[in-house]
file entry_19.cif (mmCIF, C-alpha atoms and all ligand atoms)
data_coords
#
loop_
_atom_site.group_PDB
_atom_site.id
_atom_site.type_symbol
_atom_site.label_atom_id
_atom_site.label_comp_id
_atom_site.auth_asym_id
_atom_site.auth_seq_id
_atom_site.Cartn_x
_atom_site.Cartn_y
_atom_site.Cartn_z
ATOM 1 C CA MET A 1 -8.242 -11.141 1.480
ATOM 2 C CA ARG A 2 -9.598 -8.672 4.038
ATOM 3 C CA ILE A 3 -7.692 -5.383 4.018
ATOM 4 C CA THR A 4 -8.289 -2.358 6.235
ATOM 5 C CA VAL A 5 -7.396 1.056 4.847
ATOM 6 C CA VAL A 6 -6.811 3.764 7.468
ATOM 7 C CA GLY A 7 -7.489 7.300 6.212
ATOM 8 C CA ALA A 8 -9.794 5.781 3.597
ATOM 9 C CA SER A 9 -11.639 9.068 3.016
ATOM 10 C CA GLY A 10 -8.405 10.849 2.063
ATOM 11 C CA ARG A 11 -7.322 11.703 -1.465
ATOM 12 C CA THR A 12 -4.802 8.846 -1.617
ATOM 13 C CA GLY A 13 -6.771 6.547 0.676
ATOM 14 C CA SER A 14 -9.894 6.643 -1.507
ATOM 15 C CA HIS A 15 -7.803 5.647 -4.555
ATOM 16 C CA VAL A 16 -6.479 2.701 -2.528
ATOM 17 C CA VAL A 17 -10.009 1.630 -1.577
ATOM 18 C CA ARG A 18 -11.176 1.859 -5.209
ATOM 19 C CA LEU A 19 -8.268 -0.265 -6.474
ATOM 20 C CA LEU A 20 -8.664 -2.924 -3.777
ATOM 21 C CA CYS A 21 -12.430 -3.193 -4.349
ATOM 22 C CA ARG A 22 -11.808 -3.552 -8.092
ATOM 23 C CA GLN A 23 -9.413 -6.417 -7.354
ATOM 24 C CA GLY A 24 -12.155 -8.178 -5.404
ATOM 25 C CA HIS A 25 -10.699 -7.804 -1.911
ATOM 26 C CA GLU A 26 -12.886 -7.443 1.152
ATOM 27 C CA VAL A 27 -12.123 -3.837 2.038
ATOM 28 C CA VAL A 28 -12.690 -2.241 5.426
ATOM 29 C CA ALA A 29 -12.597 1.529 4.986
ATOM 30 C CA GLY A 30 -11.317 3.174 8.163
ATOM 31 C CA VAL A 31 -12.784 6.654 8.449
ATOM 32 C CA ARG A 32 -12.397 9.200 11.219
ATOM 33 C CA ALA A 33 -16.002 10.343 10.899
ATOM 34 C CA ARG A 34 -18.758 7.912 9.937
ATOM 35 C CA ARG A 35 -20.368 10.444 7.567
ATOM 36 C CA ARG A 36 -17.291 10.147 5.310
ATOM 37 C CA GLY A 37 -18.053 6.449 4.765
ATOM 38 C CA ASP A 38 -20.996 6.639 2.344
ATOM 39 C CA GLU A 39 -18.950 7.173 -0.830
ATOM 40 C CA LEU A 40 -16.618 4.369 0.202
ATOM 41 C CA ALA A 41 -19.562 2.037 0.782
ATOM 42 C CA GLU A 42 -20.676 2.818 -2.781
ATOM 43 C CA LEU A 43 -17.291 1.549 -3.982
ATOM 44 C CA GLY A 44 -17.981 -1.733 -2.187
ATOM 45 C CA ALA A 45 -16.030 -1.153 1.033
ATOM 46 C CA ARG A 46 -17.363 -1.522 4.576
ATOM 47 C CA PRO A 47 -16.821 1.722 6.480
ATOM 48 C CA VAL A 48 -15.741 1.526 10.132
ATOM 49 C CA VAL A 49 -14.589 4.303 12.416
ATOM 50 C CA VAL A 50 -10.804 4.357 12.854
ATOM 51 C CA ASP A 51 -9.571 7.511 14.572
ATOM 52 C CA LEU A 52 -5.832 7.476 15.178
ATOM 53 C CA ALA A 53 -6.217 10.121 17.874
ATOM 54 C CA ALA A 54 -8.866 8.227 19.855
ATOM 55 C CA ASP A 55 -8.611 5.343 22.337
ATOM 56 C CA PRO A 56 -6.547 2.708 20.451
ATOM 57 C CA GLU A 57 -8.719 -0.142 21.760
ATOM 58 C CA HIS A 58 -11.304 0.485 18.996
ATOM 59 C CA MET A 59 -8.587 -0.088 16.377
ATOM 60 C CA VAL A 60 -7.951 -3.606 17.642
ATOM 61 C CA ASP A 61 -11.633 -4.394 16.986
ATOM 62 C CA ALA A 62 -11.569 -2.597 13.611
ATOM 63 C CA PHE A 63 -8.467 -4.494 12.426
ATOM 64 C CA ALA A 64 -9.496 -7.941 13.736
ATOM 65 C CA GLY A 65 -9.883 -10.376 10.835
ATOM 66 C CA SER A 66 -7.822 -8.271 8.408
ATOM 67 C CA THR A 67 -4.679 -9.774 6.908
ATOM 68 C CA VAL A 68 -3.364 -6.356 5.911
ATOM 69 C CA VAL A 69 -3.599 -2.773 7.181
ATOM 70 C CA ILE A 70 -2.665 0.052 4.815
ATOM 71 C CA ASN A 71 -2.241 3.357 6.670
ATOM 72 C CA THR A 72 -2.748 6.372 4.396
ATOM 73 C CA ALA A 73 -3.832 8.815 7.121
ATOM 74 C CA GLY A 74 -2.069 12.080 7.781
ATOM 75 C CA ALA A 75 -2.842 15.175 9.849
ATOM 76 C CA GLY A 76 -4.581 17.801 7.755
ATOM 77 C CA ASP A 77 -3.230 20.483 10.086
ATOM 78 C CA PRO A 78 0.521 21.270 9.778
ATOM 79 C CA ASP A 79 0.688 22.316 13.450
ATOM 80 C CA PRO A 80 3.375 20.121 15.101
ATOM 81 C CA ALA A 81 0.993 19.081 17.895
ATOM 82 C CA ALA A 82 -1.548 17.798 15.353
ATOM 83 C CA VAL A 83 1.169 16.111 13.311
ATOM 84 C CA ASN A 84 2.586 14.374 16.389
ATOM 85 C CA LEU A 85 -0.888 13.271 17.429
ATOM 86 C CA VAL A 86 -1.728 11.656 14.071
ATOM 87 C CA ASP A 87 1.465 10.926 12.094
ATOM 88 C CA ARG A 88 3.596 9.864 15.078
ATOM 89 C CA ASP A 89 1.507 8.707 18.043
ATOM 90 C CA GLY A 90 -1.555 7.744 15.996
ATOM 91 C CA SER A 91 0.456 5.699 13.533
ATOM 92 C CA ILE A 92 2.271 3.973 16.389
ATOM 93 C CA ALA A 93 -1.073 3.201 18.041
ATOM 94 C CA ALA A 94 -2.278 1.684 14.749
ATOM 95 C CA ILE A 95 0.864 -0.476 14.502
ATOM 96 C CA ARG A 96 0.400 -1.757 18.057
ATOM 97 C CA ALA A 97 -3.319 -2.352 17.456
ATOM 98 C CA ALA A 98 -2.517 -4.298 14.274
ATOM 99 C CA GLU A 99 -0.095 -6.506 16.210
ATOM 100 C CA ARG A 100 -2.701 -7.177 18.877
ATOM 101 C CA ALA A 101 -5.413 -7.850 16.269
ATOM 102 C CA GLY A 102 -3.319 -10.537 14.555
ATOM 103 C CA VAL A 103 -2.740 -8.561 11.348
ATOM 104 C CA GLN A 104 0.140 -9.959 9.281
ATOM 105 C CA ARG A 105 1.115 -7.119 6.964
ATOM 106 C CA PHE A 106 1.257 -3.340 7.489
ATOM 107 C CA VAL A 107 1.866 -0.928 4.631
ATOM 108 C CA GLN A 108 2.649 2.619 5.728
ATOM 109 C CA LEU A 109 2.275 5.675 3.519
ATOM 110 C CA SER A 110 5.112 7.862 4.742
ATOM 111 C CA ALA A 111 6.887 10.746 2.976
ATOM 112 C CA GLN A 112 10.142 11.310 1.158
ATOM 113 C CA PHE A 113 12.904 12.389 3.576
ATOM 114 C CA ALA A 114 11.108 10.800 6.557
ATOM 115 C CA ASP A 115 14.187 8.554 6.742
ATOM 116 C CA ALA A 116 16.457 11.641 6.813
ATOM 117 C CA PRO A 117 14.416 14.669 8.016
ATOM 118 C CA ASP A 118 17.482 16.952 8.063
ATOM 119 C CA GLN A 119 17.642 16.631 4.252
ATOM 120 C CA GLY A 120 13.980 17.594 3.771
ATOM 121 C CA ASP A 121 12.266 20.968 3.544
ATOM 122 C CA ARG A 122 12.629 22.843 6.860
ATOM 123 C CA LEU A 123 8.963 23.864 6.654
ATOM 124 C CA VAL A 124 7.813 20.258 6.963
ATOM 125 C CA ARG A 125 10.532 19.007 9.287
ATOM 126 C CA SER A 126 8.230 18.279 12.238
ATOM 127 C CA PHE A 127 6.037 16.253 9.884
ATOM 128 C CA LEU A 128 9.068 14.315 8.600
ATOM 129 C CA MET A 129 10.312 13.681 12.138
ATOM 130 C CA ALA A 130 6.890 12.402 13.202
ATOM 131 C CA LYS A 131 6.846 10.026 10.232
ATOM 132 C CA GLN A 132 10.431 8.965 10.973
ATOM 133 C CA VAL A 133 9.497 7.897 14.489
ATOM 134 C CA SER A 134 6.440 5.889 13.454
ATOM 135 C CA ASP A 135 8.264 4.334 10.471
ATOM 136 C CA THR A 136 11.028 3.239 12.865
ATOM 137 C CA VAL A 137 8.513 1.701 15.256
ATOM 138 C CA LEU A 138 6.946 -0.165 12.341
ATOM 139 C CA GLY A 139 10.355 -1.472 11.283
ATOM 140 C CA ARG A 140 10.874 -2.879 14.792
ATOM 141 C CA SER A 141 7.388 -4.366 15.067
ATOM 142 C CA SER A 142 6.393 -7.995 14.643
ATOM 143 C CA LEU A 143 4.529 -7.143 11.416
ATOM 144 C CA VAL A 144 5.613 -7.756 7.838
ATOM 145 C CA TRP A 145 6.081 -4.110 6.917
ATOM 146 C CA THR A 146 6.526 -1.826 3.942
ATOM 147 C CA VAL A 147 7.142 1.933 4.126
ATOM 148 C CA VAL A 148 6.350 3.885 0.955
ATOM 149 C CA ARG A 149 7.906 7.389 0.842
ATOM 150 C CA PRO A 150 6.460 9.479 -1.991
ATOM 151 C CA GLY A 151 7.650 12.901 -3.069
ATOM 152 C CA THR A 152 5.156 15.776 -3.295
ATOM 153 C CA LEU A 153 1.685 14.409 -4.008
ATOM 154 C CA THR A 154 -0.334 15.771 -6.944
ATOM 155 C CA ASP A 155 -3.862 15.180 -8.214
ATOM 156 C CA GLU A 156 -2.716 14.565 -11.793
ATOM 157 C CA ALA A 157 -4.069 11.571 -13.680
ATOM 158 C CA PRO A 158 -2.296 8.296 -12.958
ATOM 159 C CA THR A 159 0.316 7.101 -15.417
ATOM 160 C CA GLY A 160 0.897 3.632 -13.949
ATOM 161 C CA ARG A 161 4.612 4.413 -14.171
ATOM 162 C CA VAL A 162 6.980 5.455 -11.411
ATOM 163 C CA LYS A 163 10.564 5.771 -10.327
ATOM 164 C CA ILE A 164 11.435 3.864 -7.150
ATOM 165 C CA GLY A 165 14.666 3.967 -5.176
ATOM 166 C CA GLY A 166 16.187 3.899 -1.728
ATOM 167 C CA HIS A 167 16.902 7.645 -1.781
ATOM 168 C CA LEU A 168 15.767 9.858 -4.672
ATOM 169 C CA GLU A 169 16.229 13.592 -5.233
ATOM 170 C CA SER A 170 13.157 15.826 -4.669
ATOM 171 C CA GLY A 171 10.238 15.084 -6.978
ATOM 172 C CA SER A 172 6.500 14.591 -7.239
ATOM 173 C CA VAL A 173 4.053 11.808 -8.007
ATOM 174 C CA PRO A 174 0.289 11.575 -8.579
ATOM 175 C CA ARG A 175 -1.693 10.316 -5.564
ATOM 176 C CA ALA A 176 -3.363 7.712 -7.800
ATOM 177 C CA ASP A 177 0.036 6.234 -8.707
ATOM 178 C CA VAL A 178 1.077 6.147 -5.048
ATOM 179 C CA ALA A 179 -2.152 4.279 -4.301
ATOM 180 C CA ALA A 180 -1.304 1.785 -7.040
ATOM 181 C CA VAL A 181 2.152 1.287 -5.514
ATOM 182 C CA LEU A 182 0.645 0.658 -2.061
ATOM 183 C CA VAL A 183 -1.683 -1.964 -3.544
ATOM 184 C CA ALA A 184 0.898 -3.562 -5.866
ATOM 185 C CA ALA A 185 3.311 -3.920 -2.932
ATOM 186 C CA LEU A 186 1.017 -6.623 -1.562
ATOM 187 C CA ASP A 187 1.852 -8.810 -4.586
ATOM 188 C CA GLU A 188 5.613 -8.209 -4.531
ATOM 189 C CA PRO A 189 7.556 -10.011 -1.776
ATOM 190 C CA LEU A 190 10.596 -7.788 -2.429
ATOM 191 C CA THR A 191 8.679 -4.927 -0.774
ATOM 192 C CA GLU A 192 8.516 -6.807 2.527
ATOM 193 C CA TYR A 193 10.622 -5.341 5.365
ATOM 194 C CA ARG A 194 11.591 -2.391 3.128
ATOM 195 C CA GLY A 195 11.151 1.313 2.770
ATOM 196 C CA PHE A 196 11.608 3.133 -0.519
ATOM 197 C CA ASP A 197 11.020 6.502 -2.222
ATOM 198 C CA VAL A 198 8.511 6.913 -5.072
ATOM 199 C CA HIS A 199 8.298 9.586 -7.783
ATOM 200 C CA GLY A 200 6.547 9.829 -11.094
ATOM 201 C CA GLY A 201 8.667 8.007 -13.674
ATOM 202 C CA ASP A 202 8.647 5.778 -16.689
ATOM 203 C CA VAL A 203 8.796 2.240 -15.289
ATOM 204 C CA PRO A 204 5.509 0.294 -14.964
ATOM 205 C CA ILE A 205 4.705 -0.079 -11.254
ATOM 206 C CA PRO A 206 5.015 -3.899 -10.974
ATOM 207 C CA ALA A 207 8.381 -3.790 -12.794
ATOM 208 C CA ALA A 208 9.616 -0.925 -10.605
ATOM 209 C CA LEU A 209 8.789 -2.915 -7.465
ATOM 210 C CA ALA A 210 10.294 -6.111 -8.874
ATOM 211 C CA ALA A 211 13.528 -4.203 -9.516
ATOM 212 C CA LEU A 212 13.938 -3.455 -5.800
ATOM 213 C CA GLY A 213 16.162 -6.521 -5.774
HETATM 214 N N1 LIG B 301 0.874 16.319 0.607
HETATM 215 C C1 LIG B 301 2.015 15.820 0.168
HETATM 216 O O1 LIG B 301 2.660 16.321 -0.772
HETATM 217 C C2 LIG B 301 2.566 14.565 0.826
HETATM 218 C C3 LIG B 301 3.831 14.119 0.455
HETATM 219 C C4 LIG B 301 4.295 12.917 1.000
HETATM 220 C C5 LIG B 301 3.500 12.194 1.882
HETATM 221 N N2 LIG B 301 2.265 12.676 2.252
HETATM 222 C C6 LIG B 301 1.467 11.839 3.165
HETATM 223 O O2 LIG B 301 0.627 11.036 2.369
HETATM 224 C C7 LIG B 301 -0.553 10.701 3.118
HETATM 225 C C8 LIG B 301 -1.797 10.944 2.260
HETATM 226 O O3 LIG B 301 -1.829 12.282 1.828
HETATM 227 P P1 LIG B 301 -3.168 12.859 1.169
HETATM 228 O O4 LIG B 301 -2.833 14.217 0.666
HETATM 229 O O5 LIG B 301 -3.771 11.851 0.265
HETATM 230 O O6 LIG B 301 -4.058 12.979 2.485
HETATM 231 P P2 LIG B 301 -5.480 13.683 2.696
HETATM 232 O O7 LIG B 301 -6.260 13.762 1.452
HETATM 233 O O8 LIG B 301 -5.232 14.938 3.486
HETATM 234 O O9 LIG B 301 -6.186 12.587 3.649
HETATM 235 C C9 LIG B 301 -5.712 12.376 4.920
HETATM 236 C C10 LIG B 301 -6.588 11.312 5.530
HETATM 237 O O10 LIG B 301 -6.163 11.131 6.887
HETATM 238 C C11 LIG B 301 -7.324 11.116 7.688
HETATM 239 N N3 LIG B 301 -7.058 11.475 9.063
HETATM 240 C C12 LIG B 301 -6.657 12.663 9.558
HETATM 241 N N4 LIG B 301 -6.605 12.586 10.904
HETATM 242 C C13 LIG B 301 -6.969 11.324 11.230
HETATM 243 C C14 LIG B 301 -7.135 10.624 12.455
HETATM 244 N N5 LIG B 301 -6.940 11.206 13.639
HETATM 245 N N6 LIG B 301 -7.527 9.334 12.418
HETATM 246 C C15 LIG B 301 -7.766 8.710 11.241
HETATM 247 N N7 LIG B 301 -7.656 9.315 10.054
HETATM 248 C C16 LIG B 301 -7.263 10.614 10.059
HETATM 249 C C17 LIG B 301 -8.272 12.087 7.023
HETATM 250 O O11 LIG B 301 -9.583 11.882 7.513
HETATM 251 P P3 LIG B 301 -10.760 12.991 7.278
HETATM 252 O O12 LIG B 301 -11.233 12.726 5.862
HETATM 253 O O13 LIG B 301 -11.749 12.655 8.324
HETATM 254 O O14 LIG B 301 -10.109 14.333 7.450
HETATM 255 C C18 LIG B 301 -8.076 11.689 5.575
HETATM 256 O O15 LIG B 301 -8.832 10.539 5.291
HETATM 257 C C19 LIG B 301 -0.487 11.495 4.397
HETATM 258 O O16 LIG B 301 0.035 10.658 5.414
HETATM 259 C C20 LIG B 301 0.523 12.577 4.097
HETATM 260 O O17 LIG B 301 1.174 12.949 5.274
HETATM 261 C C21 LIG B 301 1.790 13.826 1.731
#
call {"tool": "encode", "arguments": {"input": "entry_19.cif", "output": "structure tokens"}}
result
Amino acid sequence: MRITVVGASGRTGSHVVRLLCRQGHEVVAGVRARRRGDELAELGARPVVVDLAADPEHMVDAFAGSTVVINTAGAGDPDPAAVNLVDRDGSIAAIRAAERAGVQRFVQLSAQFADAPDQGDRLVRSFLMAKQVSDTVLGRSSLVWTVVRPGTLTDEAPTGRVKIGGHLESGSVPRADVAAVLVAALDEPLTEYRGFDVHGGDVPIPAALAALG
């Protein structure tokens, strides 16, 4: 299956690319700057430029032929203008481009409390509100969607075990485990048309997803 990963050069995105390549998928690695694509090509992916802040027309071409888009991109700059440009408007542009390109499935890496920004940390509220808007647009799109809302991301080694729920208390989770959840969601129909929180935990990832009921 051909899968495009947006934000493929990111810390979570590169884990996603590695896992998908290992599984034998045809992986298109969407990178903002072409120079970031070399390492991803070494993993077996085909780098293409996907810039959420640029003219969306290029995303339609980049996504054409992919069955799935996994969006792991996020603004590096916490300034609300940058966050709105990437995490809100850019994500929405990617959703619309995926619809136009004939993509079937869209998996969105969001953030815990994006479904209820008033309950999240005030310091990241504009980020949560930007994610909330794009997650809502995805939920109303024609795509088969999944929204994954992790707690604070860490660079700890993956455990392969998580806690998943509709609304969890604050927590953290390794980026590598979040990447494994994003990939495993493709094999679990119960993740379709759903959003859920993810923390580090003690349930193997496939079992945690299968328990979504
Ligand atoms: N940090 C946390 O604790 C936390 C918690 C919950 C959710 N999240 C979300 O989880 C996601 C992944 O986080 P992370 O820490 O793994 O991210 P990261 O390492 O900062 O990577 C972000 C990726 O987004 C890309 N990007 C930025 N602007 C872009 C644009 N205009 N067009 C296309 N790509 C763009 C970056 O490209 P370049 O390599 O070119 O910069 C990079 O590949 C983000 O959406 C973040 O908001 C983070």
call {"tool": "residues_around", "arguments": {"input": "entry_19.cif", "residues": "segment 2-4 of chain A", "least_positions_apart": "2", "cutoff": "9 Å", "atoms": "all atoms listed in the file", "output": "PDB file with C-alpha atoms, keeping the file's coordinate frame"}}
result
ATOM      1  CA  VAL A   6      -6.811   3.764   7.468  1.00  0.00           C
ATOM      2  CA  ALA A   8      -9.794   5.781   3.597  1.00  0.00           C
ATOM      3  CA  VAL A  17     -10.009   1.630  -1.577  1.00  0.00           C
ATOM      4  CA  LEU A  20      -8.664  -2.924  -3.777  1.00  0.00           C
ATOM      5  CA  HIS A  25     -10.699  -7.804  -1.911  1.00  0.00           C
ATOM      6  CA  GLU A  26     -12.886  -7.443   1.152  1.00  0.00           C
ATOM      7  CA  VAL A  27     -12.123  -3.837   2.038  1.00  0.00           C
ATOM      8  CA  VAL A  28     -12.690  -2.241   5.426  1.00  0.00           C
ATOM      9  CA  ALA A  29     -12.597   1.529   4.986  1.00  0.00           C
ATOM     10  CA  GLY A  30     -11.317   3.174   8.163  1.00  0.00           C
ATOM     11  CA  ALA A  62     -11.569  -2.597  13.611  1.00  0.00           C
ATOM     12  CA  PHE A  63      -8.467  -4.494  12.426  1.00  0.00           C
ATOM     13  CA  GLY A  65      -9.883 -10.376  10.835  1.00  0.00           C
ATOM     14  CA  SER A  66      -7.822  -8.271   8.408  1.00  0.00           C
ATOM     15  CA  THR A  67      -4.679  -9.774   6.908  1.00  0.00           C
ATOM     16  CA  VAL A  68      -3.364  -6.356   5.911  1.00  0.00           C
ATOM     17  CA  VAL A  69      -3.599  -2.773   7.181  1.00  0.00           C
ATOM     18  CA  ILE A  70      -2.665   0.052   4.815  1.00  0.00           C
ATOM     19  CA  ASN A  71      -2.241   3.357   6.670  1.00  0.00           C
TER      20      ASN A  71
END
call {"tool": "closest_atom_pairs", "arguments": {"input": "entry_19.cif", "of": "chain A", "to": "ligand LIG 301 (chain B)", "cutoff": "7 Å", "atoms": "all atoms listed in the file", "output": "Markdown table"}}
result
| residue | atom | partner | partner_atom | distance |
| --- | --- | --- | --- | --- |
| A:Val6 | CA | B:LIG301 | N7 | 6.2 |
| A:Gly7 | CA | B:LIG301 | O15 | 3.6 |
| A:Ala8 | CA | B:LIG301 | O15 | 5.1 |
| A:Ser9 | CA | B:LIG301 | O15 | 3.9 |
| A:Gly10 | CA | B:LIG301 | O9 | 3.2 |
| A:Arg11 | CA | B:LIG301 | O7 | 3.7 |
| A:Thr12 | CA | B:LIG301 | O5 | 3.7 |
| A:Gly13 | CA | B:LIG301 | O5 | 6.1 |
| A:Val31 | CA | B:LIG301 | N7 | 6.0 |
| A:Arg32 | CA | B:LIG301 | O13 | 4.6 |
| A:Ala33 | CA | B:LIG301 | O13 | 5.5 |
| A:Arg36 | CA | B:LIG301 | O12 | 6.6 |
| A:Val50 | CA | B:LIG301 | C15 | 5.5 |
| A:Asp51 | CA | B:LIG301 | N6 | 3.5 |
| A:Leu52 | CA | B:LIG301 | N6 | 3.7 |
| A:Ala53 | CA | B:LIG301 | N5 | 4.4 |
| A:Thr72 | CA | B:LIG301 | C7 | 5.0 |
| A:Ala73 | CA | B:LIG301 | O10 | 3.3 |
| A:Gly74 | CA | B:LIG301 | O16 | 3.5 |
| A:Ala75 | CA | B:LIG301 | C12 | 4.6 |
| A:Gly76 | CA | B:LIG301 | O8 | 5.2 |
| A:Val86 | CA | B:LIG301 | N5 | 5.2 |
| A:Asp87 | CA | B:LIG301 | O16 | 6.8 |
| A:Gly90 | CA | B:LIG301 | N5 | 6.8 |
| A:Leu109 | CA | B:LIG301 | O2 | 5.7 |
| A:Ser110 | CA | B:LIG301 | C5 | 5.4 |
| A:Ala111 | CA | B:LIG301 | C5 | 3.8 |
| A:Gln112 | CA | B:LIG301 | C4 | 6.1 |
| A:Arg149 | CA | B:LIG301 | C5 | 6.6 |
| A:Pro150 | CA | B:LIG301 | C4 | 5.0 |
| A:Gly151 | CA | B:LIG301 | C4 | 5.3 |
| A:Thr152 | CA | B:LIG301 | O1 | 3.6 |
| A:Leu153 | CA | B:LIG301 | O1 | 3.9 |
| A:Thr154 | CA | B:LIG301 | O1 | 6.9 |
| A:Arg175 | CA | B:LIG301 | O5 | 6.4 |
call {"tool": "resolve_selection", "arguments": {"input": "entry_19.cif", "expression": "the PyMOL selection byres (((chain A and resi 195-205) around 7) and not hetatm)", "output": "list in words"}}
result
Gln112, Thr146, Val147, Val148, Arg149, Pro150, Gly151, Gly160, Arg161, Val162, Lys163, Ile164, Gly165, Gly166, His167, Leu168, Gly171, Ser172, Val173, Pro174, Val181, Arg194, Pro206, Ala207, Ala208 and Leu209 of chain A
call {"tool": "write_last_selection", "arguments": {"input": "entry_19.cif", "atoms": "C-alpha atoms", "output": "CSV table (one decimal), in the coordinates of the input"}}
result
chain,number,residue,atom,x,y,z
A,112,GLN,CA,10.1,11.3,1.2
A,146,THR,CA,6.5,-1.8,3.9
A,147,VAL,CA,7.1,1.9,4.1
A,148,VAL,CA,6.4,3.9,1.0
A,149,ARG,CA,7.9,7.4,0.8
A,150,PRO,CA,6.5,9.5,-2.0
A,151,GLY,CA,7.6,12.9,-3.1
A,160,GLY,CA,0.9,3.6,-13.9
A,161,ARG,CA,4.6,4.4,-14.2
A,162,VAL,CA,7.0,5.5,-11.4
A,163,LYS,CA,10.6,5.8,-10.3
A,164,ILE,CA,11.4,3.9,-7.2
A,165,GLY,CA,14.7,4.0,-5.2
A,166,GLY,CA,16.2,3.9,-1.7
A,167,HIS,CA,16.9,7.6,-1.8
A,168,LEU,CA,15.8,9.9,-4.7
A,171,GLY,CA,10.2,15.1,-7.0
A,172,SER,CA,6.5,14.6,-7.2
A,173,VAL,CA,4.1,11.8,-8.0
A,174,PRO,CA,0.3,11.6,-8.6
A,181,VAL,CA,2.2,1.3,-5.5
A,194,ARG,CA,11.6,-2.4,3.1
A,206,PRO,CA,5.0,-3.9,-11.0
A,207,ALA,CA,8.4,-3.8,-12.8
A,208,ALA,CA,9.6,-0.9,-10.6
A,209,LEU,CA,8.8,-2.9,-7.5
call {"tool": "residues_near_point", "arguments": {"input": "entry_19.cif", "point": "(11.8, -8.0, -2.5)", "cutoff": "7 Å", "atoms": "all atoms listed in the file", "output": "PyMOL selection string"}}
result
chain A and resi 188-192+210+212-213
call {"tool": "residues_around", "arguments": {"input": "entry_19.cif", "residues": "Ala180 of chain A", "least_positions_apart": "4", "cutoff": "7 Å", "atoms": "all atoms listed in the file", "output": "CSV table (one decimal) with C-alpha atoms, keeping the file's coordinate frame"}}
result
chain,number,residue,atom,x,y,z
A,16,VAL,CA,-6.5,2.7,-2.5
A,176,ALA,CA,-3.4,7.7,-7.8
A,184,ALA,CA,0.9,-3.6,-5.9
